Amino acid sequence: MTEQHFGYATTERFADIQMLRYRLDGFDSLTLQQKKLVFCLAEATLWGRDITFDQYGKYNLRIRKALEALYIYNIGTREDDEFKGLVEYLKRVWFSNGIYHHYGCEKFTPGFSEHFLRQAWKELPPECLPLREGESVEDFCNELIPVIFNPDIFPKRVNKADGEDLVLTSACNFYEGVTQEEAEQFYARMKAESADDPEPISFGLNSTLVKHDGIVSEEVWSIDGLYGESIHHIVEWLEKALTYAENEKQKAYIQSLIRFYRTGDLRDFNTYCIEWVGEHDSRIDFVNGFIEVYGDPLGLKGSWEGIVEYKDLDATRRTQTISSNAQWFEDHSPVDPRFKKTEVKGVTAHVVCAAMLGGEEYPSTAIGINLPNADWIRARHGSKSVTIGNLTDAYNKAAKGNGFREEFVIDSATIALIDKYGDACDDLHTDLHECLGHGSGQLLPGVDPDALKAYGNTIEEARADLFALYYIADQKLVELGLTPDAEAFKSQYYTYMMNGLLTQLTRIKPGCQIEEAHMRNRALIARWCLEKGSQQNVMQLLKREGKTFLRINDYAALRDLIAQLLSEVQRIKSEGDYTAARELVEHYSISVDETLHQEILERYQRLNLAPYKGFINPRITPVRNEKGEVVDIDVDYSETYVEQMLRYSRDYSVAFIP
C-alpha cells in the first residue's frame, strides 16, 4: 500500500484500485441550516450501505463481517503473506460492496488459502463471527469457504451472456428460486394487467422475487419488510432532515420519500419522483433509494444508492445554458421526427459538489447523474441532471503527468489538442450526456420501457453518449460559449474513440469479455464507427514500433457516422426493437481481441497506474458549544480508507444476517 499527496487528492493504492479524496469546496459558504441538512442527509446516505452489500450477493454481508473480525482481532500480530493477502481481499470487498469486481462482475480470486481462512476463523471466539442461531463455526466455514474459493459457485454477480438463464447464473441477490423465464412471465402479467395505466409503476424496482411452494411472489423492501432495520435508520435521518428543509417543496418530496420507504408502494415512489424533479430552488439536493437497475441482468431491480450534493453556483451557469436550449437540441437531432419530443419539459442541469457518497455510489461513483428513470415522468415532468464537479476535479488532478497520454495518444499534436481542450470537453460531454442525452427522444405509444431486456442498459448509455458526441461538435456550442472554437470537439472525439477501441481494455482481465454496460456502450460506438468508416478511411488503427495507435483522419466524417448510429440507436429504443439491440451489442460490444488486449495491458503495466479509482468520504460531524447546541458542521479529510470502512461497518451496520 502506498500513499501520495496531490494537493487535496490523497491517494491510496491496492490491487487495481487507487483511492482519491474529494474536497467540499464552498461548503463554508452554506448557511448553518443548510449544513445541518447536509449532515442529516449524509447520515441517511451511510445507513444504506448494508443493503447494497446484500443486493450484490446473498453471502456478501456474512463474508465481510467475518473478514473484518479477522482483521480487527489479528491486526498487528500477523505479518505473513497469507494475512496480507486477506487484507487486500478485504479492501477489495469493501470497495466493490461484495466479493465481485465492481466493473467486470467476476468473483475475486483470494490471495490466501482455504486452509488459512478456515483455521483463522476457528481461532476466533465464536461471538466475533456472524453466526446464525445454533450455527457452528464448522458449518459456517463449510457454507462460506466454497463461495469464496470455488470458481464454479456463483462466478459472476451479473451475467449477460446471450443464450444463458441470466437469473440462475447471476449471483446478485434479487431473485430466489426462480428462473429467468418465470421472472419475465411474472412481470409481463403485471404489465399486461395495467397496460392502460397512464402512470405506470416501475415494476419490480423495490423487491426480491421469490418462489415458495411453487408460487412466485415479491418480498418488498420497506420499513416493515425486507431491509426494514436499515430503512428504519434511513427514515429516522430523513425525518430529522425535514427540520432543516430549505423550502416547502423540498420538504414535500422528502416526506414523499419517507412515505415510500414506509409503504413500499411504487405509486408513492412515482409521487416522490414527480415532486423531486419539480423542485429547483434549493441549494442542497440528494438521491437516496432503489434507483439504478444495472445490477440486475433483467434491468428491473433497483440497487440502493445515496449521494448528497450542493450546487456549485458558478459552474452551474454552463449547464443552465445547455438546459435552457434543450428544445433546440431536440429539434435539430439527426433522428427520425417520430422519435423526438415535440415539447421538452422541465429539463434542469447543475454542476454540484458531492458531500457524501453511499451504497452503489461509494467508493466508486458516477461523475454525472440524470433522473428519474421512468420515461413517462421524463416526458411529462422533466428530469434533473447533475455533473459532480469536485469528483471530476479530483480525477483530473490525479491524472496530471502520469504518462498515460504520451503512451497511448498517436502524436504530440494530438496530445497538445487534448491538453488544451480535454478537461473542459470531458465535463461538457458529461453535461450533454446527462442533461440532454438521457432526456432526449421518446418511446412510441405502447412500447414497453423494458422491451430491450438485458441489452437495454447498454443501448441507453450508447444513446446518451451518441447525443453528446454529436452535439459537442456543433457550431451551436461555440455560439453559446460552451466551447472556445470549432477545434475543441476533436479532443473529445479522439479520447472517446481511443478509449472505446484501446485503453478501456486495461480494465479487463486476460481471457475475459466486456461486461459492464458503459464499457460495452463505448466499444459499440467506437467499433461501429471504425468498421463503417473503413472504406472512407475515417479513422484507423495502425502499428508503430509494435504499438497500436488510433488515428482519426476525418473528424467531420466521423461526426456523420455518429449521427447515423444515433439515429439507429434511437429507433431501437423508441420502437423497442429487441432483435436489433441484440445484434448491435453482441456484434460490437462484447468480444476482445486477445493479441491487442495483451499489448495494451503490457503498455499500461509499465506506467504503474491503477485502472480503477474511487473515493474516501470526508467525515462530517457537528460542532457543539458548551450548551450542546450545534453551531457548525466540521469537515475532516484525515480518515484513512481502512479507518473509514471499519467505522462504517461498526456504526452503520445492522444485525440482519441473510
# chains A, B, ... in the order shown; residues from 1 in each chain; ligands from 1

$ select_by_dssp --residues "segment 230-333 of chain A" --states "strand (DSSP E or B)" --output "list in words"
Ile284, Asp285, Phe286, Val287, Asn288, Gly289, Phe290, Trp304, Glu305, Gly306, Ile307, Val308, Glu309, Tyr310 and Lys311 of chain A

$ select_by_dssp --residues "segment 288-468 of chain A" --states "helix (DSSP H, G or I)" --output "tab-separated table (two decimals) with N, CA and C atoms, in the first residue's frame"
chain	number	residue	atom	x	y	z
A	316	THR	N	-22.47	26.08	-12.50
A	316	THR	CA	-23.81	25.74	-12.97
A	316	THR	C	-24.25	26.62	-14.14
A	317	ARG	N	-23.63	27.75	-14.30
A	317	ARG	CA	-24.01	28.60	-15.44
A	317	ARG	C	-23.84	27.85	-16.76
A	318	ARG	N	-22.84	26.99	-16.84
A	318	ARG	CA	-22.61	26.20	-18.06
A	318	ARG	C	-23.78	25.25	-18.33
A	319	THR	N	-24.18	24.52	-17.31
A	319	THR	CA	-25.24	23.54	-17.50
A	319	THR	C	-26.59	24.20	-17.71
A	320	GLN	N	-26.78	25.38	-17.11
A	320	GLN	CA	-28.04	26.09	-17.32
A	320	GLN	C	-28.16	26.59	-18.76
A	321	THR	N	-27.03	26.93	-19.36
A	321	THR	CA	-27.05	27.29	-20.78
A	321	THR	C	-27.50	26.12	-21.63
A	322	ILE	N	-27.02	24.94	-21.29
A	322	ILE	CA	-27.42	23.74	-22.03
A	322	ILE	C	-28.91	23.46	-21.84
A	323	SER	N	-29.36	23.44	-20.59
A	323	SER	CA	-30.75	23.06	-20.32
A	323	SER	C	-31.73	24.08	-20.89
A	324	SER	N	-31.35	25.34	-20.91
A	324	SER	CA	-32.26	26.36	-21.42
A	324	SER	C	-32.43	26.27	-22.94
A	326	ALA	N	-32.57	23.19	-24.45
A	326	ALA	CA	-32.88	21.78	-24.66
A	326	ALA	C	-33.78	21.55	-25.86
A	327	GLN	N	-34.76	22.42	-26.06
A	327	GLN	CA	-35.68	22.22	-27.18
A	327	GLN	C	-34.96	22.36	-28.53
A	328	TRP	N	-34.01	23.29	-28.62
A	328	TRP	CA	-33.24	23.44	-29.86
A	328	TRP	C	-32.49	22.16	-30.17
A	329	PHE	N	-31.83	21.60	-29.16
A	329	PHE	CA	-31.07	20.38	-29.38
A	329	PHE	C	-31.99	19.23	-29.80
A	330	GLU	N	-33.14	19.11	-29.16
A	330	GLU	CA	-34.09	18.06	-29.52
A	330	GLU	C	-34.56	18.24	-30.96
A	331	ASP	N	-34.90	19.46	-31.34
A	331	ASP	CA	-35.43	19.72	-32.68
A	331	ASP	C	-34.41	19.44	-33.77
A	337	PRO	N	-38.13	12.18	-36.92
A	337	PRO	CA	-39.03	13.08	-36.17
A	337	PRO	C	-40.05	12.35	-35.30
A	338	ARG	N	-40.39	11.12	-35.66
A	338	ARG	CA	-41.36	10.36	-34.85
A	338	ARG	C	-40.83	10.09	-33.45
A	339	PHE	N	-39.52	10.08	-33.31
A	339	PHE	CA	-38.90	9.71	-32.03
A	339	PHE	C	-38.47	10.93	-31.22
A	375	ASP	N	-39.64	6.76	-18.11
A	375	ASP	CA	-39.78	7.54	-19.34
A	375	ASP	C	-40.99	8.46	-19.31
A	376	TRP	N	-42.11	7.99	-18.74
A	376	TRP	CA	-43.32	8.82	-18.77
A	376	TRP	C	-43.18	10.03	-17.85
A	377	ILE	N	-42.44	9.88	-16.75
A	377	ILE	CA	-42.21	11.04	-15.87
A	377	ILE	C	-41.30	12.04	-16.58
A	378	ARG	N	-40.28	11.57	-17.27
A	378	ARG	CA	-39.41	12.46	-18.02
A	378	ARG	C	-40.21	13.25	-19.06
A	379	ALA	N	-41.10	12.53	-19.76
A	379	ALA	CA	-41.84	13.17	-20.84
A	379	ALA	C	-42.79	14.25	-20.31
A	380	ARG	N	-43.43	13.99	-19.18
A	380	ARG	CA	-44.45	14.92	-18.68
A	380	ARG	C	-43.92	15.93	-17.68
A	381	HIS	N	-42.91	15.55	-16.91
A	381	HIS	CA	-42.48	16.40	-15.80
A	381	HIS	C	-41.02	16.84	-15.90
A	389	GLY	N	-18.83	18.15	-9.98
A	389	GLY	CA	-17.61	18.86	-10.30
A	389	GLY	C	-16.42	18.53	-9.43
A	390	ASN	N	-16.63	18.37	-8.12
A	390	ASN	CA	-15.46	18.12	-7.26
A	390	ASN	C	-14.89	16.71	-7.46
A	391	LEU	N	-15.69	15.78	-7.97
A	391	LEU	CA	-15.16	14.45	-8.27
A	391	LEU	C	-14.34	14.48	-9.56
A	392	THR	N	-14.86	15.12	-10.60
A	392	THR	CA	-14.10	15.20	-11.84
A	392	THR	C	-12.80	15.98	-11.63
A	393	ASP	N	-12.85	16.97	-10.76
A	393	ASP	CA	-11.64	17.74	-10.46
A	393	ASP	C	-10.59	16.86	-9.79
A	394	ALA	N	-11.04	15.99	-8.88
A	394	ALA	CA	-10.10	15.08	-8.22
A	394	ALA	C	-9.51	14.09	-9.22
A	395	TYR	N	-10.34	13.58	-10.12
A	395	TYR	CA	-9.84	12.69	-11.17
A	395	TYR	C	-8.79	13.40	-12.02
A	396	ASN	N	-9.09	14.61	-12.43
A	396	ASN	CA	-8.18	15.34	-13.30
A	396	ASN	C	-6.84	15.62	-12.63
A	397	LYS	N	-6.88	15.98	-11.36
A	397	LYS	CA	-5.64	16.27	-10.65
A	397	LYS	C	-4.79	15.01	-10.50
A	398	ALA	N	-5.43	13.89	-10.25
A	398	ALA	CA	-4.69	12.64	-10.08
A	398	ALA	C	-4.06	12.17	-11.39
A	399	ALA	N	-4.63	12.59	-12.53
A	399	ALA	CA	-4.15	12.12	-13.83
A	399	ALA	C	-3.02	12.96	-14.40
A	404	PHE	N	0.12	8.67	-19.26
A	404	PHE	CA	-0.88	7.91	-20.00
A	404	PHE	C	-1.02	8.43	-21.43
A	405	ARG	N	-1.17	9.73	-21.59
A	405	ARG	CA	-1.36	10.29	-22.93
A	405	ARG	C	-0.13	10.04	-23.80
A	406	GLU	N	1.03	10.21	-23.23
A	406	GLU	CA	2.25	10.02	-24.00
A	406	GLU	C	2.39	8.58	-24.51
A	407	GLU	N	1.86	7.64	-23.76
A	407	GLU	CA	1.95	6.23	-24.14
A	407	GLU	C	0.92	5.85	-25.19
A	408	PHE	N	-0.28	6.40	-25.12
A	408	PHE	CA	-1.36	5.88	-25.96
A	408	PHE	C	-1.86	6.83	-27.06
A	412	SER	N	2.35	14.13	-30.89
A	412	SER	CA	2.43	15.28	-29.99
A	412	SER	C	1.37	16.33	-30.30
A	413	ALA	N	0.99	16.44	-31.57
A	413	ALA	CA	-0.04	17.42	-31.92
A	413	ALA	C	-1.38	17.05	-31.30
A	414	THR	N	-1.71	15.77	-31.30
A	414	THR	CA	-2.97	15.33	-30.69
A	414	THR	C	-2.90	15.46	-29.18
A	415	ILE	N	-1.75	15.17	-28.59
A	415	ILE	CA	-1.58	15.37	-27.15
A	415	ILE	C	-1.79	16.83	-26.79
A	416	ALA	N	-1.24	17.72	-27.59
A	416	ALA	CA	-1.41	19.16	-27.33
A	416	ALA	C	-2.88	19.55	-27.43
A	417	LEU	N	-3.59	18.98	-28.39
A	417	LEU	CA	-5.01	19.24	-28.54
A	417	LEU	C	-5.77	18.81	-27.28
A	418	ILE	N	-5.44	17.63	-26.77
A	418	ILE	CA	-6.12	17.10	-25.58
A	418	ILE	C	-5.73	17.91	-24.35
A	419	ASP	N	-4.45	18.29	-24.25
A	419	ASP	CA	-4.02	19.11	-23.12
A	419	ASP	C	-4.76	20.44	-23.10
A	420	LYS	N	-5.03	20.99	-24.26
A	420	LYS	CA	-5.66	22.30	-24.36
A	420	LYS	C	-7.16	22.23	-24.06
A	421	TYR	N	-7.83	21.23	-24.59
A	421	TYR	CA	-9.29	21.20	-24.53
A	421	TYR	C	-9.88	20.06	-23.69
A	422	GLY	N	-9.04	19.09	-23.33
A	422	GLY	CA	-9.56	17.83	-22.81
A	422	GLY	C	-10.44	17.92	-21.58
A	423	ASP	N	-9.94	18.59	-20.52
A	423	ASP	CA	-10.71	18.63	-19.28
A	423	ASP	C	-12.05	19.32	-19.48
A	424	ALA	N	-12.06	20.45	-20.19
A	424	ALA	CA	-13.30	21.19	-20.41
A	424	ALA	C	-14.27	20.38	-21.25
A	425	CYS	N	-13.77	19.69	-22.28
A	425	CYS	CA	-14.65	18.90	-23.14
A	425	CYS	C	-15.14	17.64	-22.43
A	426	ASP	N	-14.34	17.08	-21.55
A	426	ASP	CA	-14.83	15.95	-20.75
A	426	ASP	C	-16.02	16.36	-19.91
A	427	ASP	N	-15.92	17.49	-19.24
A	427	ASP	CA	-17.03	17.99	-18.43
A	427	ASP	C	-18.25	18.28	-19.30
A	428	LEU	N	-18.01	18.89	-20.45
A	428	LEU	CA	-19.11	19.24	-21.35
A	428	LEU	C	-19.79	17.98	-21.88
A	429	HIS	N	-19.01	16.96	-22.22
A	429	HIS	CA	-19.60	15.71	-22.68
A	429	HIS	C	-20.48	15.10	-21.61
A	430	THR	N	-20.02	15.14	-20.36
A	430	THR	CA	-20.84	14.63	-19.26
A	430	THR	C	-22.13	15.42	-19.14
A	431	ASP	N	-22.04	16.74	-19.23
A	431	ASP	CA	-23.24	17.58	-19.17
A	431	ASP	C	-24.23	17.21	-20.27
A	432	LEU	N	-23.74	17.10	-21.49
A	432	LEU	CA	-24.61	16.79	-22.62
A	432	LEU	C	-25.21	15.39	-22.49
A	433	HIS	N	-24.40	14.45	-22.05
A	433	HIS	CA	-24.85	13.07	-21.85
A	433	HIS	C	-25.99	13.01	-20.85
A	434	GLU	N	-25.78	13.62	-19.68
A	434	GLU	CA	-26.76	13.52	-18.61
A	434	GLU	C	-27.98	14.41	-18.85
A	435	CYS	N	-27.73	15.64	-19.19
A	435	CYS	CA	-28.82	16.61	-19.29
A	435	CYS	C	-29.68	16.39	-20.53
A	436	LEU	N	-29.03	16.23	-21.68
A	436	LEU	CA	-29.77	16.14	-22.94
A	436	LEU	C	-29.89	14.71	-23.46
A	437	GLY	N	-28.80	13.95	-23.39
A	437	GLY	CA	-28.81	12.60	-23.96
A	437	GLY	C	-29.87	11.71	-23.35
A	453	LYS	N	-34.70	-5.58	-22.65
A	453	LYS	CA	-34.26	-6.57	-21.66
A	453	LYS	C	-32.79	-6.36	-21.28
A	454	ALA	N	-31.98	-7.41	-21.38
A	454	ALA	CA	-30.60	-7.35	-20.91
A	454	ALA	C	-29.74	-6.37	-21.70
A	455	TYR	N	-30.20	-5.98	-22.89
A	455	TYR	CA	-29.43	-5.05	-23.72
A	455	TYR	C	-29.84	-3.60	-23.50
A	456	GLY	N	-30.87	-3.38	-22.70
A	456	GLY	CA	-31.42	-2.04	-22.53
A	456	GLY	C	-30.44	-1.05	-21.94
A	457	ASN	N	-29.67	-1.46	-20.94
A	457	ASN	CA	-28.74	-0.53	-20.30
A	457	ASN	C	-27.66	-0.07	-21.27
A	458	THR	N	-27.11	-1.00	-22.03
A	458	THR	CA	-26.07	-0.64	-22.99
A	458	THR	C	-26.61	0.29	-24.07
A	459	ILE	N	-27.78	-0.01	-24.59
A	459	ILE	CA	-28.38	0.83	-25.62
A	459	ILE	C	-28.68	2.23	-25.09
A	460	GLU	N	-29.19	2.31	-23.86
A	460	GLU	CA	-29.50	3.63	-23.29
A	460	GLU	C	-28.24	4.46	-23.08
A	461	GLU	N	-27.16	3.85	-22.60
A	461	GLU	CA	-25.92	4.60	-22.42
A	461	GLU	C	-25.33	5.01	-23.77
A	462	ALA	N	-25.44	4.14	-24.77
A	462	ALA	CA	-24.97	4.49	-26.10
A	462	ALA	C	-25.76	5.67	-26.66
A	463	ARG	N	-27.06	5.66	-26.44
A	463	ARG	CA	-27.92	6.74	-26.92
A	463	ARG	C	-27.48	8.08	-26.32
A	464	ALA	N	-27.25	8.10	-25.02
A	464	ALA	CA	-26.85	9.35	-24.36
A	464	ALA	C	-25.46	9.79	-24.80
A	465	ASP	N	-24.53	8.84	-24.94
A	465	ASP	CA	-23.18	9.20	-25.39
A	465	ASP	C	-23.19	9.71	-26.83
A	466	LEU	N	-23.94	9.06	-27.70
A	466	LEU	CA	-24.01	9.49	-29.09
A	466	LEU	C	-24.59	10.90	-29.21
A	467	PHE	N	-25.63	11.17	-28.43
A	467	PHE	CA	-26.22	12.50	-28.44
A	467	PHE	C	-25.18	13.54	-28.04
A	468	ALA	N	-24.41	13.23	-26.98
A	468	ALA	CA	-23.39	14.16	-26.51
A	468	ALA	C	-22.27	14.33	-27.54

$ closest_residue --among "A:Asp632, A:Asp25, A:Asp411, A:Asp554" --to "Ile388 of chain A" --atoms "only C-alpha atoms"
A:Asp25

$ residues_around --residues "Val631 of chain A" --least-positions-apart "5" --cutoff "9 Å" --atoms "only C-alpha atoms" --output "list of chain:residue names"
A:Leu32, A:Pro622, A:Val623, A:Arg624, A:Asn625

$ atom_distance --atom1 "atom CA of Leu70 of chain A" --atom2 "atom CA of Leu86 of chain A"
9.0 Å

$ closest_residue --among "A:Gln644, A:Arg520, A:Tyr604, A:Arg507" --to "Ser591 of chain A" --atoms "only C-alpha atoms"
A:Arg520

$ residues_around --residues "segment 15-21 of chain A" --least-positions-apart "4" --cutoff "9 Å" --atoms "only C-alpha atoms" --output "PyMOL selection string"
chain A and resi 1+8-11+88-89+91-92+95+363+391+394-395+398+507+609-618+637+641

$ write_last_selection --atoms "C-alpha atoms" --output "mmCIF file, in the first residue's frame"
data_model
loop_
_atom_site.group_PDB
_atom_site.id
_atom_site.type_symbol
_atom_site.label_atom_id
_atom_site.label_comp_id
_atom_site.auth_asym_id
_atom_site.auth_seq_id
_atom_site.Cartn_x
_atom_site.Cartn_y
_atom_site.Cartn_z
ATOM 1 C CA MET A 1 0.000 0.000 0.000
ATOM 2 C CA TYR A 8 -6.052 17.522 -1.584
ATOM 3 C CA ALA A 9 -6.452 14.334 -3.646
ATOM 4 C CA THR A 10 -4.613 11.989 -1.269
ATOM 5 C CA THR A 11 -4.419 8.566 -2.856
ATOM 6 C CA GLU A 88 -6.023 -6.872 0.261
ATOM 7 C CA TYR A 89 -9.027 -9.123 -0.384
ATOM 8 C CA LYS A 91 -10.132 -3.970 0.888
ATOM 9 C CA ARG A 92 -11.478 -5.160 -2.448
ATOM 10 C CA PHE A 95 -14.593 -1.283 -2.463
ATOM 11 C CA PRO A 363 -16.500 4.174 -3.133
ATOM 12 C CA LEU A 391 -15.158 14.450 -8.271
ATOM 13 C CA ALA A 394 -10.104 15.082 -8.222
ATOM 14 C CA TYR A 395 -9.840 12.687 -11.166
ATOM 15 C CA ALA A 398 -4.687 12.640 -10.076
ATOM 16 C CA ARG A 507 -9.883 -2.687 -17.103
ATOM 17 C CA LEU A 609 -1.159 3.096 -12.847
ATOM 18 C CA ALA A 610 -4.352 1.750 -11.282
ATOM 19 C CA PRO A 611 -7.142 1.326 -13.871
ATOM 20 C CA TYR A 612 -9.914 1.921 -11.310
ATOM 21 C CA LYS A 613 -10.442 4.801 -8.914
ATOM 22 C CA GLY A 614 -12.756 5.517 -6.030
ATOM 23 C CA PHE A 615 -13.217 7.952 -3.185
ATOM 24 C CA ILE A 616 -12.777 8.206 0.553
ATOM 25 C CA ASN A 617 -15.608 10.276 2.013
ATOM 26 C CA PRO A 618 -14.854 13.260 4.215
ATOM 27 C CA TYR A 637 -10.282 14.690 5.459
ATOM 28 C CA TYR A 641 -9.609 4.065 3.869
#

$ closest_residue --among "A:Thr621, A:Leu452, A:Gln513, A:Ser207" --to "Leu584 of chain A" --atoms "only C-alpha atoms"
A:Leu452

$ closest_residue --among "A:Ile410, A:Val216, A:Leu209, A:Leu131" --to "Glu545 of chain A" --atoms "only C-alpha atoms"
A:Ile410

$ residues_around --residues "Thr595 of chain A" --least-positions-apart "6" --cutoff "12 Å" --atoms "only C-alpha atoms" --output "VMD selection string"
chain A and resid 502 505 510 to 511 546 to 548 601 to 602

$ write_last_selection --atoms "C-alpha atoms" --output "tab-separated table (two decimals), in the first residue's frame"
chain	number	residue	atom	x	y	z
A	502	LEU	CA	-7.97	0.53	-26.94
A	505	LEU	CA	-9.12	-2.80	-22.26
A	510	PRO	CA	-6.91	-11.56	-19.81
A	511	GLY	CA	-9.35	-14.05	-21.27
A	546	GLY	CA	4.98	-2.73	-32.25
A	547	LYS	CA	2.43	-0.45	-30.59
A	548	THR	CA	-1.16	0.09	-31.73
A	601	LEU	CA	-2.10	-4.45	-20.73
A	602	GLU	CA	1.70	-4.64	-21.06

$ residues_around --residues "segment 67-69 of chain A" --least-positions-apart "5" --cutoff "9 Å" --atoms "only C-alpha atoms" --output "short mmCIF file (atom, residue, chain, number, x, y, z; two decimals) with N, CA and C atoms, in the first residue's frame"
data_model
loop_
_atom_site.label_atom_id
_atom_site.label_comp_id
_atom_site.auth_asym_id
_atom_site.auth_seq_id
_atom_site.Cartn_x
_atom_site.Cartn_y
_atom_site.Cartn_z
N ARG A 62 -22.18 -11.58 5.35
CA ARG A 62 -21.54 -12.50 6.29
C ARG A 62 -20.05 -12.60 6.02
N ASN A 74 -6.69 -9.78 14.59
CA ASN A 74 -5.31 -10.13 14.32
C ASN A 74 -4.43 -8.95 13.96
N LEU A 86 -5.17 -11.59 2.70
CA LEU A 86 -6.52 -11.42 3.23
C LEU A 86 -6.87 -9.94 3.37
N VAL A 87 -5.92 -9.14 3.81
CA VAL A 87 -6.17 -7.71 3.97
C VAL A 87 -6.49 -7.08 2.62
N LEU A 90 -9.99 -8.10 1.61
CA LEU A 90 -10.99 -7.37 2.37
C LEU A 90 -11.15 -5.95 1.82
N TRP A 121 -10.59 -18.48 11.09
CA TRP A 121 -11.94 -18.32 11.63
C TRP A 121 -12.15 -19.19 12.86
N LEU A 124 -10.93 -17.63 16.11
CA LEU A 124 -11.68 -16.51 16.67
C LEU A 124 -12.69 -16.99 17.70
N CYS A 128 -17.42 -13.47 17.73
CA CYS A 128 -16.89 -12.49 16.78
C CYS A 128 -17.39 -12.72 15.36
N LEU A 129 -17.97 -13.90 15.11
CA LEU A 129 -18.42 -14.24 13.77
C LEU A 129 -19.92 -14.03 13.63
N LEU A 646 -13.98 0.42 8.47
CA LEU A 646 -14.27 -0.23 9.76
C LEU A 646 -15.26 0.60 10.57
N SER A 649 -18.70 0.00 9.12
CA SER A 649 -19.21 -1.32 9.50
C SER A 649 -19.62 -1.36 10.96
#

$ closest_residue --among "A:Pro484, A:Pro449, A:Gly295, A:Gly163" --to "Glu360 of chain A" --atoms "only C-alpha atoms"
A:Gly295

$ atom_distance --atom1 "atom CA of Pro372 of chain A" --atom2 "atom CA of Ala171 of chain A"
26.7 Å

$ closest_atom_pairs --of "segment 154-193 of chain A" --to "segment 559-583 of chain A" --cutoff "12 Å" --atoms "only C-alpha atoms" --output "Markdown table"
| residue | atom | partner | partner_atom | distance |
| --- | --- | --- | --- | --- |
| A:Lys160 | CA | A:Arg582 | CA | 11.2 |
| A:Ala161 | CA | A:Arg582 | CA | 11.1 |
| A:Asp162 | CA | A:Arg582 | CA | 8.7 |
| A:Gly163 | CA | A:Arg582 | CA | 11.2 |

$ residues_around --residues "Gly359 of chain A" --least-positions-apart "2" --cutoff "12 Å" --atoms "only C-alpha atoms" --output "PyMOL selection string"
chain A and resi 42+44-56+94-98+230+287-292+302-308+356-357+361-366+648+652

$ closest_residue --among "A:Gln34, A:Pro297, A:Val277, A:Tyr100" --to "Leu168 of chain A" --atoms "only C-alpha atoms"
A:Pro297
